[in-house]
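This is structure-v7.txt. It holds compact mmCIF, C-alpha atoms.
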# COMPACT_ATOMS: atom_id res chain seq x y z
CA MET F 1 100.28 174.22 103.67
CA THR F 2 101.57 172.63 106.79
CA THR F 3 102.99 169.20 106.41
CA GLU F 4 101.99 167.16 109.41
CA LYS F 5 104.28 164.41 110.46
CA THR F 6 102.82 160.94 110.18
CA ILE F 7 103.60 158.54 112.98
CA SER F 8 103.23 154.82 112.84
CA LEU F 9 102.51 152.85 115.97
CA GLU F 10 101.33 149.44 116.96
CA ILE F 11 98.14 148.77 118.88
CA ASN F 12 97.39 145.19 119.91
CA GLY F 13 99.84 143.92 117.30
CA ARG F 14 98.33 145.86 114.41
CA PHE F 15 100.02 148.83 112.76
CA PHE F 16 98.34 152.20 112.47
CA GLN F 17 99.21 155.61 111.10
CA ALA F 18 98.51 158.69 113.15
CA ARG F 19 99.10 162.39 112.98
CA GLU F 20 101.57 163.94 115.37
CA GLY F 21 99.82 165.26 118.47
CA MET F 22 97.10 162.64 118.50
CA THR F 23 96.70 160.62 121.68
CA ILE F 24 96.60 156.85 121.87
CA LEU F 25 92.88 157.11 122.65
CA ASP F 26 92.27 159.24 119.54
CA VAL F 27 93.80 156.52 117.36
CA ALA F 28 91.99 153.72 119.18
CA LYS F 29 88.65 155.50 118.83
CA ARG F 30 89.26 156.09 115.13
CA GLU F 31 90.10 152.42 114.61
CA GLY F 32 87.24 151.16 116.73
CA ILE F 33 89.45 149.61 119.39
CA PRO F 34 87.46 149.65 122.63
CA ILE F 35 88.96 151.50 125.59
CA PRO F 36 86.58 152.34 128.45
CA THR F 37 86.41 155.99 129.49
CA LEU F 38 84.35 158.05 131.91
CA CYS F 39 85.93 161.50 132.06
CA TYR F 40 86.76 161.78 128.35
CA HIS F 41 84.88 163.99 125.92
CA GLU F 42 86.08 164.76 122.41
CA ALA F 43 85.03 168.40 122.72
CA LEU F 44 87.14 169.04 125.79
CA GLU F 45 90.77 168.80 126.71
CA SER F 46 91.54 165.52 128.46
CA VAL F 47 92.74 165.55 132.04
CA GLY F 48 93.08 161.87 132.90
CA ASN F 49 90.91 161.98 136.00
CA CYS F 50 89.05 158.68 135.86
CA ARG F 51 92.12 156.52 135.00
CA LEU F 52 89.90 153.99 133.27
CA CYS F 53 91.54 154.41 129.85
CA MET F 54 94.84 152.98 131.10
CA VAL F 55 96.79 151.06 128.50
CA GLU F 56 100.20 149.43 128.57
CA ILE F 57 102.94 150.88 126.41
CA THR F 58 106.40 149.81 125.44
CA HIS F 59 108.90 150.59 122.71
CA PRO F 60 111.64 148.54 120.98
CA ASP F 61 114.20 151.11 122.27
CA TRP F 62 113.04 150.94 125.89
CA LYS F 63 114.97 147.74 126.69
CA GLY F 64 111.88 145.86 127.78
CA TRP F 65 110.50 148.63 129.99
CA LYS F 66 106.74 148.89 129.88
CA GLY F 67 104.27 150.88 131.85
CA LEU F 68 100.67 151.91 132.28
CA VAL F 69 99.60 155.28 130.97
CA THR F 70 96.30 157.05 130.47
CA SER F 71 95.60 156.74 126.77
CA CYS F 72 93.56 159.95 126.73
CA LEU F 73 96.69 161.95 127.53
CA TYR F 74 99.59 159.99 126.06
CA PRO F 75 100.65 161.37 122.67
CA VAL F 76 101.50 158.89 119.94
CA GLU F 77 105.16 158.18 119.36
CA GLU F 78 106.98 156.60 116.45
CA GLY F 79 107.28 152.85 117.02
CA LEU F 80 105.17 152.83 120.18
CA GLN F 81 103.69 149.45 121.04
CA VAL F 82 100.35 149.68 122.81
CA THR F 83 98.33 146.95 124.48
CA THR F 84 94.78 147.90 125.34
CA ASP F 85 93.78 144.76 127.16
CA ASN F 86 95.79 142.31 129.23
CA LYS F 87 95.76 140.94 132.77
CA THR F 88 97.54 143.98 134.31
CA ILE F 89 95.27 146.49 132.59
CA TRP F 90 92.20 144.43 133.42
CA ASN F 91 93.15 144.27 137.10
CA THR F 92 93.89 148.00 137.20
CA ARG F 93 90.53 148.88 135.69
CA ARG F 94 88.83 146.38 137.96
CA THR F 95 90.32 148.08 141.05
CA ILE F 96 89.28 151.51 139.79
CA LEU F 97 85.74 150.31 139.17
CA ASP F 98 85.66 148.53 142.52
CA LEU F 99 86.54 151.86 144.17
CA LEU F 100 84.04 153.78 142.06
CA LEU F 101 81.34 151.27 142.97
CA ALA F 102 82.14 151.83 146.64
CA ARG F 103 81.69 155.55 146.08
CA CYS F 104 78.54 155.33 143.94
CA PRO F 105 76.81 152.01 144.68
CA ASP F 106 73.57 153.31 143.16
CA SER F 107 74.94 154.47 139.83
CA ASP F 108 73.67 152.20 137.06
CA VAL F 109 76.50 153.30 134.75
CA ILE F 110 79.15 152.31 137.26
CA GLN F 111 77.29 149.11 138.17
CA LYS F 112 77.20 148.06 134.52
CA LEU F 113 80.82 148.96 133.84
CA ALA F 114 82.01 147.29 137.04
CA ALA F 115 80.05 144.15 136.18
CA GLU F 116 81.94 143.98 132.86
CA TYR F 117 85.10 143.69 134.94
CA GLY F 118 83.60 141.15 137.29
CA VAL F 119 82.73 143.49 140.17
CA THR F 120 79.13 143.14 141.24
CA VAL F 121 79.63 143.99 144.90
CA THR F 122 82.36 146.37 145.97
CA SER F 123 85.08 144.94 148.19
CA TYR F 124 85.49 148.30 149.91
CA ARG F 125 83.27 150.02 152.41
CA LYS F 126 80.28 151.61 150.75
CA ASN F 127 79.96 155.37 150.73
CA ASP F 128 77.61 156.70 153.42
CA VAL F 129 76.69 159.70 151.33
CA GLU F 130 74.29 159.00 148.52
CA THR F 131 75.85 160.24 145.30
CA LYS F 132 76.30 159.32 141.67
CA CYS F 133 79.16 161.76 141.21
CA ILE F 134 82.54 160.20 140.49
CA LEU F 135 84.34 163.58 140.61
CA CYS F 136 85.59 163.27 137.04
CA GLY F 137 85.19 167.01 136.63
CA LEU F 138 83.59 166.89 133.18
CA CYS F 139 80.81 169.23 134.31
CA VAL F 140 83.31 171.81 135.58
CA ARG F 141 85.31 171.59 132.35
CA VAL F 142 82.30 171.93 130.08
CA CYS F 143 81.05 174.87 132.14
CA ALA F 144 84.44 176.55 131.72
CA ALA F 145 84.48 175.77 128.00
CA LYS F 146 81.02 177.29 127.68
CA GLY F 147 82.47 180.37 129.35
CA ALA F 148 80.10 180.41 132.29
CA ASN F 149 82.40 179.02 135.00
CA ALA F 150 79.47 178.61 137.35
CA ILE F 151 80.42 175.48 139.26
CA SER F 152 83.66 174.07 140.60
CA SER F 153 85.04 171.43 142.87
CA ALA F 154 85.03 172.29 146.54
CA GLY F 155 87.06 170.89 149.39
CA ARG F 156 89.53 168.08 148.98
CA GLY F 157 90.23 164.51 149.91
CA ILE F 158 87.19 162.51 150.96
CA GLU F 159 85.20 165.70 151.34
CA LYS F 160 85.75 166.85 147.76
CA MET F 161 82.61 167.47 145.79
CA ILE F 162 81.24 169.41 142.87
CA ALA F 163 79.57 172.39 144.42
CA ARG F 164 77.88 175.69 143.96
CA PRO F 165 79.91 178.63 145.23
CA PHE F 166 78.98 179.35 148.86
CA ASP F 167 76.24 176.73 148.52
CA GLN F 168 73.97 179.23 146.80
CA PRO F 169 72.50 179.20 143.29
CA PRO F 170 75.59 180.01 141.17
CA PRO F 171 75.40 183.62 139.96
CA ASP F 172 77.23 182.73 136.73
CA CYS F 173 74.98 179.79 135.82
CA ILE F 174 73.15 180.35 132.54
CA GLY F 175 71.00 177.25 132.83
CA CYS F 176 72.33 175.56 129.71
CA ALA F 177 72.38 172.18 131.52
CA SER F 178 75.54 171.18 129.66
CA CYS F 179 76.87 169.90 132.98
CA ALA F 180 73.90 167.58 133.41
CA HIS F 181 74.06 166.33 129.82
CA ILE F 182 77.80 165.64 129.84
CA CYS F 183 77.85 163.89 133.23
CA PRO F 184 78.73 160.25 132.54
CA THR F 185 76.74 158.98 135.50
CA GLY F 186 73.80 161.38 135.39
CA ALA F 187 74.65 162.81 138.79
CA ILE F 188 73.44 166.35 138.10
CA GLU F 189 69.72 166.71 138.36
CA TYR F 190 67.55 169.25 136.60
CA GLU F 191 63.92 169.64 135.86
CA ASP F 192 62.40 170.92 132.64
CA THR F 193 58.88 172.15 132.08
CA PRO F 194 57.80 174.14 129.00
CA GLU F 195 57.99 177.26 131.16
CA VAL F 196 61.00 176.87 133.43
CA ARG F 197 64.21 174.91 133.86
CA LYS F 198 65.27 174.17 137.42
CA ILE F 199 68.95 173.51 137.90
CA TRP F 200 71.47 174.18 140.70
CA GLY F 201 68.75 175.88 142.72
CA HIS F 202 67.94 178.34 139.94
CA SER F 203 64.62 178.58 138.19
CA PHE F 204 65.19 179.85 134.66
CA LYS F 205 62.42 181.15 132.43
CA MET F 206 62.49 179.40 129.05
CA VAL F 207 62.43 181.16 125.70
CA LYS F 208 59.97 179.64 123.27
CA CYS F 209 60.43 179.21 119.55
CA GLU F 210 58.75 182.06 117.71
CA SER F 211 57.48 179.70 115.02
CA CYS F 212 56.44 176.50 116.78
CA GLY F 213 56.34 177.51 120.45
CA ARG F 214 58.65 174.77 121.70
CA PRO F 215 60.96 175.77 124.59
CA ILE F 216 64.47 176.41 123.27
CA MET F 217 66.74 177.58 126.05
CA PRO F 218 66.60 179.67 129.22
CA GLU F 219 66.41 183.43 128.75
CA LYS F 220 69.70 183.89 130.54
CA GLN F 221 71.45 181.46 128.22
CA LEU F 222 70.05 183.29 125.20
CA GLU F 223 71.44 186.59 126.46
CA PHE F 224 74.77 184.88 127.13
CA GLU F 225 74.93 183.22 123.70
CA ALA F 226 73.99 186.43 121.92
CA GLU F 227 76.66 188.42 123.74
CA LYS F 228 79.32 185.76 123.28
CA SER F 229 78.67 185.29 119.58
CA GLY F 230 77.90 188.91 118.81
CA LEU F 231 74.80 187.77 116.95
CA ASP F 232 71.37 189.34 117.08
CA PRO F 233 69.40 187.77 119.98
CA ALA F 234 66.55 187.26 117.51
CA TYR F 235 68.71 184.64 115.80
CA PHE F 236 68.34 182.36 118.83
CA LYS F 237 64.60 182.74 119.12
CA THR F 238 63.86 180.11 116.50
CA CYS F 239 64.40 176.45 117.32
CA SER F 240 66.78 174.35 115.25
CA VAL F 241 63.98 172.51 113.45
CA CYS F 242 62.19 175.72 112.50
CA SER F 243 65.36 177.55 111.46
CA GLN F 244 66.29 174.59 109.26
CA ARG F 245 62.87 174.73 107.64
CA LYS F 246 63.29 178.48 107.22
CA SER F 247 66.62 178.14 105.45
CA ILE F 248 65.22 175.46 103.15
CA ASP F 249 62.40 177.85 102.24
CA THR F 250 64.90 180.64 101.64
CA ILE F 251 67.00 178.48 99.34
CA ARG F 252 63.89 177.26 97.53
CA SER F 253 62.64 180.75 96.94
CA ALA F 254 66.11 181.87 95.79
CA PHE F 255 66.11 179.18 93.13
CA ASP F 256 62.56 179.90 92.17
CA MET F 257 63.56 182.39 89.54
CA LYS F 258 60.07 183.66 88.97
CA ALA F 259 60.00 184.66 92.57
CA VAL F 260 63.19 186.70 92.25
CA GLY F 261 62.02 188.22 88.97
CA LEU F 262 64.31 186.51 86.51
CA GLY F 263 61.55 185.13 84.31
CA GLU F 264 61.56 181.68 82.80
CA PRO F 265 64.67 179.54 83.18
CA VAL F 266 66.78 179.67 80.04
CA GLU F 267 67.41 176.39 78.26
CA VAL F 268 71.11 175.77 78.09
CA ALA F 269 72.36 174.42 74.77
CA ARG F 270 74.21 171.17 75.12
CA MET D 1 75.52 180.20 159.40
CA THR D 2 75.80 183.49 161.19
CA GLU D 3 75.23 186.42 158.89
CA THR D 4 77.90 188.98 159.55
CA CYS D 5 78.34 192.00 157.40
CA ILE D 6 81.81 193.09 156.53
CA ASP D 7 82.93 196.59 155.74
CA PRO D 8 83.18 196.71 151.94
CA ASN D 9 85.57 199.65 152.10
CA LYS D 10 88.05 197.57 154.05
CA ALA D 11 87.77 194.88 151.39
CA ARG D 12 88.29 197.40 148.61
CA LYS D 13 91.39 198.68 150.39
CA ILE D 14 92.85 195.16 150.29
CA LEU D 15 92.03 194.83 146.61
CA GLU D 16 93.87 198.05 145.74
CA ARG D 17 97.08 196.16 146.34
CA TYR D 18 96.36 193.74 143.54
CA PRO D 19 96.53 194.57 139.84
CA GLU D 20 93.13 194.48 138.21
CA GLY D 21 92.31 191.43 136.14
CA ASP D 22 95.36 189.47 137.30
CA ALA D 23 94.14 186.10 138.51
CA SER D 24 97.52 185.19 140.00
CA GLY D 25 96.74 187.39 143.00
CA LEU D 26 93.83 185.19 144.04
CA ILE D 27 95.40 183.17 146.87
CA HIS D 28 97.28 186.17 148.28
CA ALA D 29 94.16 188.28 148.25
CA LEU D 30 92.16 185.51 149.92
CA GLN D 31 94.83 185.35 152.62
CA ASP D 32 94.57 189.10 153.13
CA ILE D 33 90.80 188.88 153.38
CA GLN D 34 91.12 186.07 155.91
CA ALA D 35 93.63 188.13 157.93
CA GLU D 36 91.45 191.24 157.85
CA PHE D 37 88.07 189.73 158.65
CA GLY D 38 89.12 186.51 160.35
CA TYR D 39 87.41 184.50 157.66
CA VAL D 40 86.83 184.47 153.93
CA ALA D 41 83.70 186.55 153.75
CA HIS D 42 81.32 185.93 150.89
CA GLU D 43 80.85 189.65 150.16
CA ALA D 44 84.61 190.20 150.08
CA VAL D 45 85.07 187.29 147.67
CA GLU D 46 82.48 188.79 145.33
CA LEU D 47 84.37 192.09 145.27
CA LEU D 48 87.64 190.22 144.83
CA CYS D 49 86.38 188.19 141.89
CA GLU D 50 85.11 191.28 140.15
CA HIS D 51 88.47 192.98 140.70
CA LEU D 52 90.64 190.09 139.53
CA ASN D 53 88.21 188.94 136.85
CA VAL D 54 88.08 185.45 138.32
CA PRO D 55 84.88 183.38 138.37
CA ILE D 56 83.40 183.08 141.87
CA SER D 57 83.44 179.31 141.47
CA LYS D 58 87.26 179.37 141.12
CA ALA D 59 87.70 181.48 144.24
CA PHE D 60 85.34 179.23 146.16
CA SER D 61 87.25 176.19 144.98
CA ALA D 62 90.54 177.66 146.19
CA ALA D 63 89.06 178.86 149.49
CA THR D 64 87.65 175.43 150.28
CA PHE D 65 90.76 173.55 149.14
CA TYR D 66 93.16 175.11 151.62
CA LYS D 67 92.56 174.42 155.27
CA ALA D 68 94.06 177.80 156.13
CA PHE D 69 90.92 179.46 154.83
CA SER D 70 87.70 179.47 156.77
CA LEU D 71 84.35 180.38 155.27
CA GLU D 72 82.80 180.76 158.68
CA PRO D 73 83.55 183.64 161.02
CA LYS D 74 86.15 182.69 163.62
CA GLY D 75 86.41 183.65 167.25
CA GLU D 76 88.60 186.45 168.61
CA VAL D 77 90.78 183.89 170.30
CA ILE D 78 91.86 180.97 168.15
CA ILE D 79 93.04 178.03 170.21
CA ARG D 80 94.93 175.39 168.31
CA VAL D 81 95.79 172.18 170.10
CA CYS D 82 98.48 170.13 168.46
CA THR D 83 97.46 166.51 168.08
CA GLY D 84 100.62 165.38 166.30
CA THR D 85 102.29 162.16 167.41
CA ALA D 86 104.44 163.65 170.16
CA CYS D 87 101.66 165.82 171.56
CA HIS D 88 99.20 162.95 171.34
CA ILE D 89 101.55 160.73 173.36
CA ARG D 90 101.90 163.44 175.95
CA GLY D 91 98.17 163.83 176.43
CA SER D 92 96.90 166.43 173.96
CA ARG D 93 93.64 164.49 173.80
CA ILE D 94 92.97 165.42 177.42
CA LEU D 95 93.58 169.09 176.58
CA VAL D 96 91.12 168.91 173.69
CA ASP D 97 88.50 167.26 175.90
CA GLU D 98 89.04 169.87 178.63
CA LEU D 99 88.64 172.73 176.16
CA CYS D 100 85.60 171.19 174.51
CA ALA D 101 83.92 170.85 177.88
CA ALA D 102 84.93 174.33 179.06
CA LEU D 103 83.85 176.12 175.86
CA GLY D 104 80.95 173.87 174.97
CA ILE D 105 82.15 173.38 171.39
CA GLU D 106 83.64 170.61 169.29
CA PRO D 107 87.06 170.91 167.62
CA GLY D 108 86.64 173.12 164.57
CA GLY D 109 83.79 174.97 166.25
CA THR D 110 83.38 178.54 167.40
CA THR D 111 81.51 179.72 170.48
CA LYS D 112 78.22 181.49 169.78
CA ASP D 113 79.54 184.82 171.09
CA LEU D 114 82.41 184.60 168.53
CA LYS D 115 84.98 184.75 171.36
CA PHE D 116 86.70 181.37 170.95
CA THR D 117 87.51 179.01 168.14
CA LEU D 118 88.93 175.59 168.93
CA GLU D 119 90.97 173.74 166.36
CA THR D 120 93.18 170.71 166.31
CA VAL D 121 96.28 170.70 164.15
CA ASN D 122 98.40 167.77 163.14
CA CYS D 123 101.85 169.08 164.02
CA VAL D 124 103.17 172.53 164.73
CA GLY D 125 106.80 171.41 164.55
CA ALA D 126 107.57 171.99 168.22
CA CYS D 127 107.49 168.37 169.39
CA ALA D 128 110.19 168.92 172.03
CA MET D 129 107.77 171.00 174.09
CA ALA D 130 104.78 168.68 173.63
CA PRO D 131 101.90 169.02 174.24
CA VAL D 132 101.70 172.32 172.42
CA VAL D 133 98.78 174.73 172.41
CA SER D 134 98.87 177.81 170.24
CA ILE D 135 96.70 180.72 171.28
CA ASN D 136 96.28 183.40 168.62
CA GLY D 137 99.53 182.28 167.01
CA LYS D 138 101.55 182.22 170.26
CA TYR D 139 102.94 178.80 171.15
CA HIS D 140 102.73 177.39 174.67
CA GLY D 141 104.67 174.24 175.49
CA ASN D 142 104.29 171.54 178.13
CA VAL D 143 100.69 172.59 178.70
CA GLN D 144 98.90 171.00 181.64
CA PRO D 145 95.11 170.75 181.73
CA GLY D 146 95.13 172.94 184.85
CA SER D 147 97.01 175.76 183.17
CA LEU D 148 94.61 176.03 180.23
CA THR D 149 92.24 178.51 181.87
CA LYS D 150 95.04 180.90 182.66
CA LEU D 151 96.45 180.65 179.15
CA ILE D 152 93.10 181.46 177.61
CA GLN D 153 92.56 184.38 180.00
CA ASP D 154 95.97 185.75 179.05
CA GLY D 155 95.29 185.22 175.37
CA LYS D 156 92.09 187.24 175.45

Output the structure of this file as structure tokens.
Amino acid sequence: MTTEKTISLEINGRFFQAREGMTILDVAKREGIPIPTLCYHEALESVGNCRLCMVEITHPDWKGWKGLVTSCLYPVEEGLQVTTDNKTIWNTRRTILDLLLARCPDSDVIQKLAAEYGVTVTSYRKNDVETKCILCGLCVRVCAAKGANAISSAGRGIEKMIARPFDQPPPDCIGCASCAHICPTGAIEYEDTPEVRKIWGHSFKMVKCESCGRPIMPEKQLEFEAEKSGLDPAYFKTCSVCSQRKSIDTIRSAFDMKAVGLGEPVEVAR
Amino acid sequence: MTETCIDPNKARKILERYPEGDASGLIHALQDIQAEFGYVAHEAVELLCEHLNVPISKAFSAATFYKAFSLEPKGEVIIRVCTGTACHIRGSRILVDELCAALGIEPGGTTKDLKFTLETVNCVGACAMAPVVSINGKYHGNVQPGSLTKLIQDGK
């Protein structure tokens, strides 16, 4: 058994215990302390792109030094004193949201978040290009985690964007639409019909559940999942609802002893 | 975009120099492709990605990040006009305007016959001989608008 070191730290004047290796954000989330995030997802490694989760840290040994760090990346330390909301942090987040609102004036997510920090109209020049993308890179990271690696960022500076390689339908895209689902601002568009899913310029044929006929996933994704997991492709051809029902039936019939030929249940003496 | 086909054998020859499946060769190989074909050709990148076992999206990301790479075919003669501070003060703007008018292209553009590409660069580090124009990598200092035609003729 590995003995994990327990660390105690202070957040907003309250003391908390944490495991070594946890980040400040992990502890705050566990304790229900609100810290706004855009580019964070618990399933993926944090990168600190959006800078919205900034918190102020200090330590009794730091001789009064304090600084702003991204809580999604900063690992907990013994005796660390964290403040998740004060004037400095508020102003920092306000500036970030002001800039994001200038980039994506039409994004309802950004509008709402910015309004929470008192920004209803950006003080910067509005973006000429219509986009909801804040370049947090979650879509690229989830695509890499999936193993498809179909999309990436292209260019840099003000021209940076999330793009398809060579502006063509990405050859590695499996149509899972994870990118669209994970996007915090809903910037990636896709279209679903029972027959096809249209995403990134592809048109994927959907596989339908063998029991109920509901579309499950694109054919290409099914092939990909089967190869990656080493499971029989047939396994993926039943939707989650139907496969759940199936396993319930299997368990039921296993316990129905008559069905498995064990005769009447024996009364156990108490 | 002009569709130009590249010789896949030439691309394969470049790839031979890089160990298979080693992603660290990506930038070097892209540079070699750029040097061989004058631009980062889509077909060559596909071969490269297969060879190095790198997703195409990664290679595209790298190729678009660095200004040294071009995804569009470039002209035989690449004219770079320095527009750094010293060159700007000494009239590089006039040189750019002259060249744009003479070639009928904007900075960053390539003539339709793929003969000339005109680029502006921020500083070539030769401020003492401003304004500087580099033609196919050769630097020319104290360039006057009148001497441009001759320089380009020589560079051809």

(request) Identify, on the basis of all atoms listed in the file, every residue whose closest approach to region 52-58 of chain F does not exceed 6 Å; exclude the query and any residue fewer than 4 positions from it along the same chain; express the result as number ranges by chain. (result) F: 35-37, 66-71, 81-84, 93

Can you spit out the residues from that selection as a short mmCIF file (atom, residue, chain, number, x, y, z; two decimals), in the frame of the given file, using C-alpha atoms?
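What follows is the written file again_39.cif:
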data_model
loop_
_atom_site.label_atom_id
_atom_site.label_comp_id
_atom_site.auth_asym_id
_atom_site.auth_seq_id
_atom_site.Cartn_x
_atom_site.Cartn_y
_atom_site.Cartn_z
CA ILE F 35 88.96 151.50 125.59
CA PRO F 36 86.58 152.34 128.45
CA THR F 37 86.41 155.99 129.49
CA LYS F 66 106.74 148.89 129.88
CA GLY F 67 104.27 150.88 131.85
CA LEU F 68 100.67 151.91 132.28
CA VAL F 69 99.60 155.28 130.97
CA THR F 70 96.30 157.05 130.47
CA SER F 71 95.60 156.74 126.77
CA GLN F 81 103.69 149.45 121.04
CA VAL F 82 100.35 149.68 122.81
CA THR F 83 98.33 146.95 124.48
CA THR F 84 94.78 147.90 125.34
CA ARG F 93 90.53 148.88 135.69
#

(request) Could you tell me how far CA of Val196 (chain F) lies from CA of Ala150 (chain F), in Å and to one decimal? (result)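 Computing it gives 19.0 Å between the two atoms.
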
(request) Using only C-alpha atoms, find the one residue out of F:Arg94, F:Arg164, F:Arg14, F:Lys63 that sits nearest to chain D. (result) F:Arg164

For region 103-112 of chain F: contacts at 6 Å, all atoms listed in the file, fewer than 5 positions along chain excluded, given as a tab-separated table (two decimals) with C-alpha atoms, keeping the file's coordinate frame:
chain	number	residue	atom	x	y	z
F	127	ASN	CA	79.96	155.37	150.73
F	131	THR	CA	75.85	160.24	145.30
F	132	LYS	CA	76.30	159.32	141.67
F	185	THR	CA	76.74	158.98	135.50

(message) One number please: CA of Leu231 (chain F) to CA of Met217 (chain F), in Å, one decimal.
(response)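 Calculated distance between CA of Leu231 (chain F) and CA of Met217 (chain F) is 15.9 Å.
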
(request) Do me a favour and pick out the residues of chain D within 10 Å of chain F, using all atoms listed in the file, as JSON, numbers by chain. (result) {"D": [41, 42, 54, 55, 56, 57, 58, 59, 60, 61, 62, 63, 64, 65, 66, 67, 71]}

(request) Rounded to one decimal place, report the CA of Pro169 (chain F)-CA of Ile199 (chain F) distance in Å. (result) 8.6 Å

(request) Find the residues around Cys100 (chain D) up to 12 Å (only C-alpha atoms counted), leave out those fewer than 3 positions away in its own chain, and share them as an NGL selection string. (result) :D and (79-81 or 93-97 or 103-111 or 116-120 or 145 or 148)

Go ahead and dump the residues you just picked, C-alpha atoms, as a compact mmCIF listing (two decimals), in the frame of the given file.
# COMPACT_ATOMS: atom_id res chain seq x y z
CA ILE D 79 93.04 178.03 170.21
CA ARG D 80 94.93 175.39 168.31
CA VAL D 81 95.79 172.18 170.10
CA ARG D 93 93.64 164.49 173.80
CA ILE D 94 92.97 165.42 177.42
CA LEU D 95 93.58 169.09 176.58
CA VAL D 96 91.12 168.91 173.69
CA ASP D 97 88.50 167.26 175.90
CA LEU D 103 83.85 176.12 175.86
CA GLY D 104 80.95 173.87 174.97
CA ILE D 105 82.15 173.38 171.39
CA GLU D 106 83.64 170.61 169.29
CA PRO D 107 87.06 170.91 167.62
CA GLY D 108 86.64 173.12 164.57
CA GLY D 109 83.79 174.97 166.25
CA THR D 110 83.38 178.54 167.40
CA THR D 111 81.51 179.72 170.48
CA PHE D 116 86.70 181.37 170.95
CA THR D 117 87.51 179.01 168.14
CA LEU D 118 88.93 175.59 168.93
CA GLU D 119 90.97 173.74 166.36
CA THR D 120 93.18 170.71 166.31
CA PRO D 145 95.11 170.75 181.73
CA LEU D 148 94.61 176.03 180.23
